[in-house]
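Taking it in order: structure first as structure tokens, then the write-up.
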Amino acid sequence: MSAVVLGSGHNALVAACYLARAGQRVEVLERDEVLGGAVSTVARFPGHLVDRGSSAHIMVRHTGIIEELELDRFGLRYIDCDPWGFTPGSDERAPIVFHRDLDRTCASIAAACSARDAEAYRRFVGVWGPRSARVMRAFGGSPTPGRLLRSFWGLDAKGGGSALSREFLQSGDALLDTYFQDERLKASLAWFGAQSGPPMSEPGTAPMVGFAALMHTLPPGRAVGGSGALTTALVARLCADGGVVSAGDAVTSVHRDGKGWRVRTASGRNLYADTVIAGTHILTTLDLLRAGGFDAGVLDDWQSRIRVGPGIGMVVRAATSSLPRYPGSSTSESARGLQFLVGDRRQLRLAHGAALAGDLPPRPVVLAMSFSALDPTIAAPGEHQLSLWAQWHPYRLADGSDWSAHAEPEADRIIAEVDSYAPGFADTVLRRFVQTPVDLERELGLRGGNVMHVEMSLDQMMLWRPLPELSGQRVPGAPGLYLTGASTHPGGGVSGASGRSAAALALRDHRPRRFPLPRLR
């Protein structure tokens, strides 16, 4: 079997690696000169290696893909983010420090919030740790009803299956209100959950909050050398198995040709393959099919029903002379993980409401990451580097103005927000690089600036992502074409699970085989 993989995002590369490992002829086509899509790292400032998209890797460390592909042999190394989360304190209150160790975390919550909330957090982890592990199991393959049922079968819940389903389908806010009293603790966990995109007021977001419990099993990891180190290892693994990667040549069309597929590129290449795996944004994939003569009426219907959403956020990458100094905290507890700069869920709700209306947030909500504290190789000697992710920022502004007029002022507001928690931080910023939602679309191909491709709302998850008829990672009427990437189950974030399941489908469809299929967890 020969396969062409469209795009070099990490899911596409994972699929390519599994196919090449199984002895298939594989070529990856990438429009950009930089491989990896949103899992890539470049030299933005002198002496700095700066991520273009993701920075902390969470889900991929729970999938087994790193071990199955033996990526450590190809240079991939992770440093645990421990503590994995930190919420600043104040003159009157201690910070909340989320360690990998549950006892230490509960001790911090007891000091910062109350003994009652500390005990509630222990119960929360006891209940939602196993549940989140089952969610990861469900993420390991195509979201068929049978697979989803098997993934969650046997979970205990008071009141039986109907009670369990209700708890999974409730909002993240409802879950938090059930367990905890302290608003700052609720806001911290809500901000963690909201990294998936939706506000925690939406139905079905409870598991996004519950996923925090799994961080006490294996916390977020920072790839040494930057997020793109994962891409570098995947490319090395692919090439070691005979695969080919071609950068700087955009695919312009794909169309069915006999029993296979014809793929054309901007440089004039005309490739034939038995199989195509599309790791591009789903709307981009449908555009390529349209250019290849696929039924326009069907494509129009699909594209009209896939909801990208108003955009999620923007990011400021900063080279600094020092790490943020949060009063009453040491950098050993604040700088190694995710810094939740929020004290009240009202701030989250106001920001999301403003984005729905096409307005900038009244006050930016910031997630700060200072991974040069873990890996000094990404910053120039004597300097540090931060990624300041802020939500929610709409792709289209209601007043019709261009994002170019707002990028620098909004970056000023984001830096000022960090400074409000860590006084003096703004004075340490030496250089910065701003990525607005429009910039994320332009550089990384993220339609509408949505880093999750399409909204991660309940009606576009699991067996509905991105649409019911496309959720099996196949395209009706296009045999031999498989979908992967954040547009497909399990969605955005760095996991690779969609790539593994796409490869398994392709290999299964092209039996007989001499090599083991990728293991679907």
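Chain lettering (A, B, ...) mirrors the order of the structure tokens, residue numbering begins at 1 for each chain separately, and ligand numbering begins at 1 in order of display.
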
Practice prompt. List the neighbours of stretch 459-462 of chain A out to 8 Å using only C-alpha atoms; skip same-chain residues closer than 3 positions along the sequence, and give me the result as a ChimeraX atom specification.
Written response: /A:143,454-456,465-467,471,489-491

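Those residues in stretch 74-175 of chain A carrying a DSSP assignment of strand (DSSP E or B), computed from the backbone, are Tyr78, Ile79, Asp80, Gly85, Phe86, Thr87, Ile96, Val97 and Phe98 of chain A.
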
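Distances here use only C-alpha atoms; by that measure, the residue among A:Ser334, A:Asn450, A:Ser55, A:Thr428 closest to A:His393 is A:Asn450.
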
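If only C-alpha atoms are the atoms counted, then among A:Gly226, A:Gly400, A:Pro361, A:Gly449 the closest residue to A:Arg413 is A:Pro361.
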
Practice prompt. Please identify all polymer residues within 12 Å of A:Leu175, counting only C-alpha atoms, omitting same-chain residues fewer than 2 positions from it, and present them as a VMD selection string.
Written response: chain A and resid 120 to 121 124 127 to 128 166 to 173 177 to 181 186 189 to 190 193 200 to 210

Could the residues in this selection be saved with N, CA and C atoms as an mmCIF file, in the first residue's frame?
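New file again-v2.cif:
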```cif
data_model
loop_
_atom_site.group_PDB
_atom_site.id
_atom_site.type_symbol
_atom_site.label_atom_id
_atom_site.label_comp_id
_atom_site.auth_asym_id
_atom_site.auth_seq_id
_atom_site.Cartn_x
_atom_site.Cartn_y
_atom_site.Cartn_z
ATOM 1 N N ALA A 120 -12.447 17.776 50.037
ATOM 2 C CA ALA A 120 -13.287 17.671 48.843
ATOM 3 C C ALA A 120 -12.434 17.422 47.602
ATOM 4 N N TYR A 121 -11.270 18.057 47.545
ATOM 5 C CA TYR A 121 -10.381 17.846 46.392
ATOM 6 C C TYR A 121 -9.891 16.399 46.365
ATOM 7 N N PHE A 124 -12.656 14.453 44.953
ATOM 8 C CA PHE A 124 -12.733 14.780 43.526
ATOM 9 C C PHE A 124 -11.727 13.950 42.726
ATOM 10 N N VAL A 127 -12.700 10.241 42.559
ATOM 11 C CA VAL A 127 -13.811 9.932 41.653
ATOM 12 C C VAL A 127 -13.427 10.188 40.203
ATOM 13 N N TRP A 128 -12.870 11.358 39.914
ATOM 14 C CA TRP A 128 -12.651 11.756 38.538
ATOM 15 C C TRP A 128 -11.324 11.282 37.954
ATOM 16 N N ARG A 166 -25.495 11.559 33.779
ATOM 17 C CA ARG A 166 -25.826 12.942 34.151
ATOM 18 C C ARG A 166 -24.583 13.675 34.632
ATOM 19 N N GLU A 167 -23.737 13.003 35.410
ATOM 20 C CA GLU A 167 -22.542 13.659 35.923
ATOM 21 C C GLU A 167 -21.556 13.988 34.812
ATOM 22 N N PHE A 168 -21.482 13.124 33.797
ATOM 23 C CA PHE A 168 -20.612 13.405 32.655
ATOM 24 C C PHE A 168 -21.166 14.536 31.793
ATOM 25 N N LEU A 169 -22.491 14.637 31.720
ATOM 26 C CA LEU A 169 -23.107 15.625 30.833
ATOM 27 C C LEU A 169 -23.357 16.972 31.508
ATOM 28 N N GLN A 170 -23.096 17.059 32.806
ATOM 29 C CA GLN A 170 -23.291 18.339 33.477
ATOM 30 C C GLN A 170 -22.205 19.331 33.074
ATOM 31 N N SER A 171 -22.411 20.582 33.434
ATOM 32 C CA SER A 171 -21.407 21.597 33.147
ATOM 33 C C SER A 171 -20.245 21.485 34.121
ATOM 34 N N GLY A 172 -19.102 22.008 33.706
ATOM 35 C CA GLY A 172 -17.962 22.050 34.611
ATOM 36 C C GLY A 172 -18.251 22.884 35.843
ATOM 37 N N ASP A 173 -18.969 23.979 35.674
ATOM 38 C CA ASP A 173 -19.325 24.821 36.821
ATOM 39 C C ASP A 173 -20.183 24.064 37.824
ATOM 40 N N ASP A 177 -19.232 23.416 41.690
ATOM 41 C CA ASP A 177 -20.108 23.865 42.775
ATOM 42 C C ASP A 177 -20.541 22.704 43.669
ATOM 43 N N THR A 178 -20.574 21.508 43.120
ATOM 44 C CA THR A 178 -20.934 20.333 43.909
ATOM 45 C C THR A 178 -19.850 19.996 44.932
ATOM 46 N N TYR A 179 -18.601 20.154 44.523
ATOM 47 C CA TYR A 179 -17.497 19.718 45.373
ATOM 48 C C TYR A 179 -16.945 20.810 46.294
ATOM 49 N N PHE A 180 -16.819 22.035 45.778
ATOM 50 C CA PHE A 180 -15.979 23.020 46.454
ATOM 51 C C PHE A 180 -16.755 24.255 46.898
ATOM 52 N N GLN A 181 -16.161 24.970 47.849
ATOM 53 C CA GLN A 181 -16.731 26.218 48.339
ATOM 54 C C GLN A 181 -15.904 27.431 47.917
ATOM 55 N N LYS A 186 -12.296 27.070 42.601
ATOM 56 C CA LYS A 186 -13.198 26.783 41.486
ATOM 57 C C LYS A 186 -12.714 27.458 40.201
ATOM 58 N N LEU A 189 -9.629 25.624 38.614
ATOM 59 C CA LEU A 189 -9.971 24.393 37.912
ATOM 60 C C LEU A 189 -10.840 24.668 36.682
ATOM 61 N N ALA A 190 -11.675 25.700 36.763
ATOM 62 C CA ALA A 190 -12.465 26.086 35.589
ATOM 63 C C ALA A 190 -11.560 26.596 34.474
ATOM 64 N N GLY A 193 -9.969 23.632 32.843
ATOM 65 C CA GLY A 193 -10.914 22.985 31.939
ATOM 66 C C GLY A 193 -11.168 23.770 30.679
ATOM 67 N N MET A 200 -16.899 26.791 31.071
ATOM 68 C CA MET A 200 -17.348 25.697 31.919
ATOM 69 C C MET A 200 -18.816 25.813 32.306
ATOM 70 N N SER A 201 -19.520 26.776 31.747
ATOM 71 C CA SER A 201 -20.965 26.868 31.927
ATOM 72 C C SER A 201 -21.715 25.993 30.936
ATOM 73 N N GLU A 202 -21.044 25.467 29.908
ATOM 74 C CA GLU A 202 -21.702 24.683 28.873
ATOM 75 C C GLU A 202 -21.935 23.245 29.333
ATOM 76 N N PRO A 203 -23.037 22.640 28.902
ATOM 77 C CA PRO A 203 -23.270 21.222 29.211
ATOM 78 C C PRO A 203 -22.140 20.360 28.648
ATOM 79 N N GLY A 204 -21.835 19.276 29.362
ATOM 80 C CA GLY A 204 -20.832 18.335 28.887
ATOM 81 C C GLY A 204 -19.393 18.725 29.157
ATOM 82 N N THR A 205 -19.181 19.813 29.900
ATOM 83 C CA THR A 205 -17.805 20.250 30.158
ATOM 84 C C THR A 205 -17.245 19.712 31.475
ATOM 85 N N ALA A 206 -18.052 18.975 32.241
ATOM 86 C CA ALA A 206 -17.557 18.419 33.500
ATOM 87 C C ALA A 206 -16.294 17.570 33.303
ATOM 88 N N PRO A 207 -16.215 16.704 32.261
ATOM 89 C CA PRO A 207 -14.994 15.915 32.095
ATOM 90 C C PRO A 207 -13.755 16.765 31.810
ATOM 91 N N MET A 208 -13.938 17.973 31.269
ATOM 92 C CA MET A 208 -12.793 18.844 31.017
ATOM 93 C C MET A 208 -12.201 19.336 32.330
ATOM 94 N N VAL A 209 -13.058 19.595 33.310
ATOM 95 C CA VAL A 209 -12.592 19.907 34.660
ATOM 96 C C VAL A 209 -12.039 18.654 35.318
ATOM 97 N N GLY A 210 -12.767 17.543 35.169
ATOM 98 C CA GLY A 210 -12.369 16.300 35.808
ATOM 99 C C GLY A 210 -11.015 15.795 35.377
#
```

Worksheet item: Quick one: of A:Ala478, A:Leu507, A:Leu356, A:Val308, who's nearest to A:Arg256, counting only C-alpha atoms?
Response: A:Ala478

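For the pair atom CA of A:Ala118 and atom CA of A:Asp91, the interatomic distance is 20.9 Å.
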
Worksheet, complete the sentence: Using only C-alpha atoms, the shortest atom-to-atom distance to A:Tyr395 among A:Val34, A:Ile414, A:Val438, A:Val224 belongs to A:Val438

Item to complete: Measuring atom to atom with only C-alpha atoms, identify which of A:Arg123, A:Arg222, A:Arg100, A:Arg137 is nearest to A:Ala497.
Response: A:Arg137

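Take atom CA of A:Phe294 and atom CA of A:Ala3: the distance between them is 19.8 Å.
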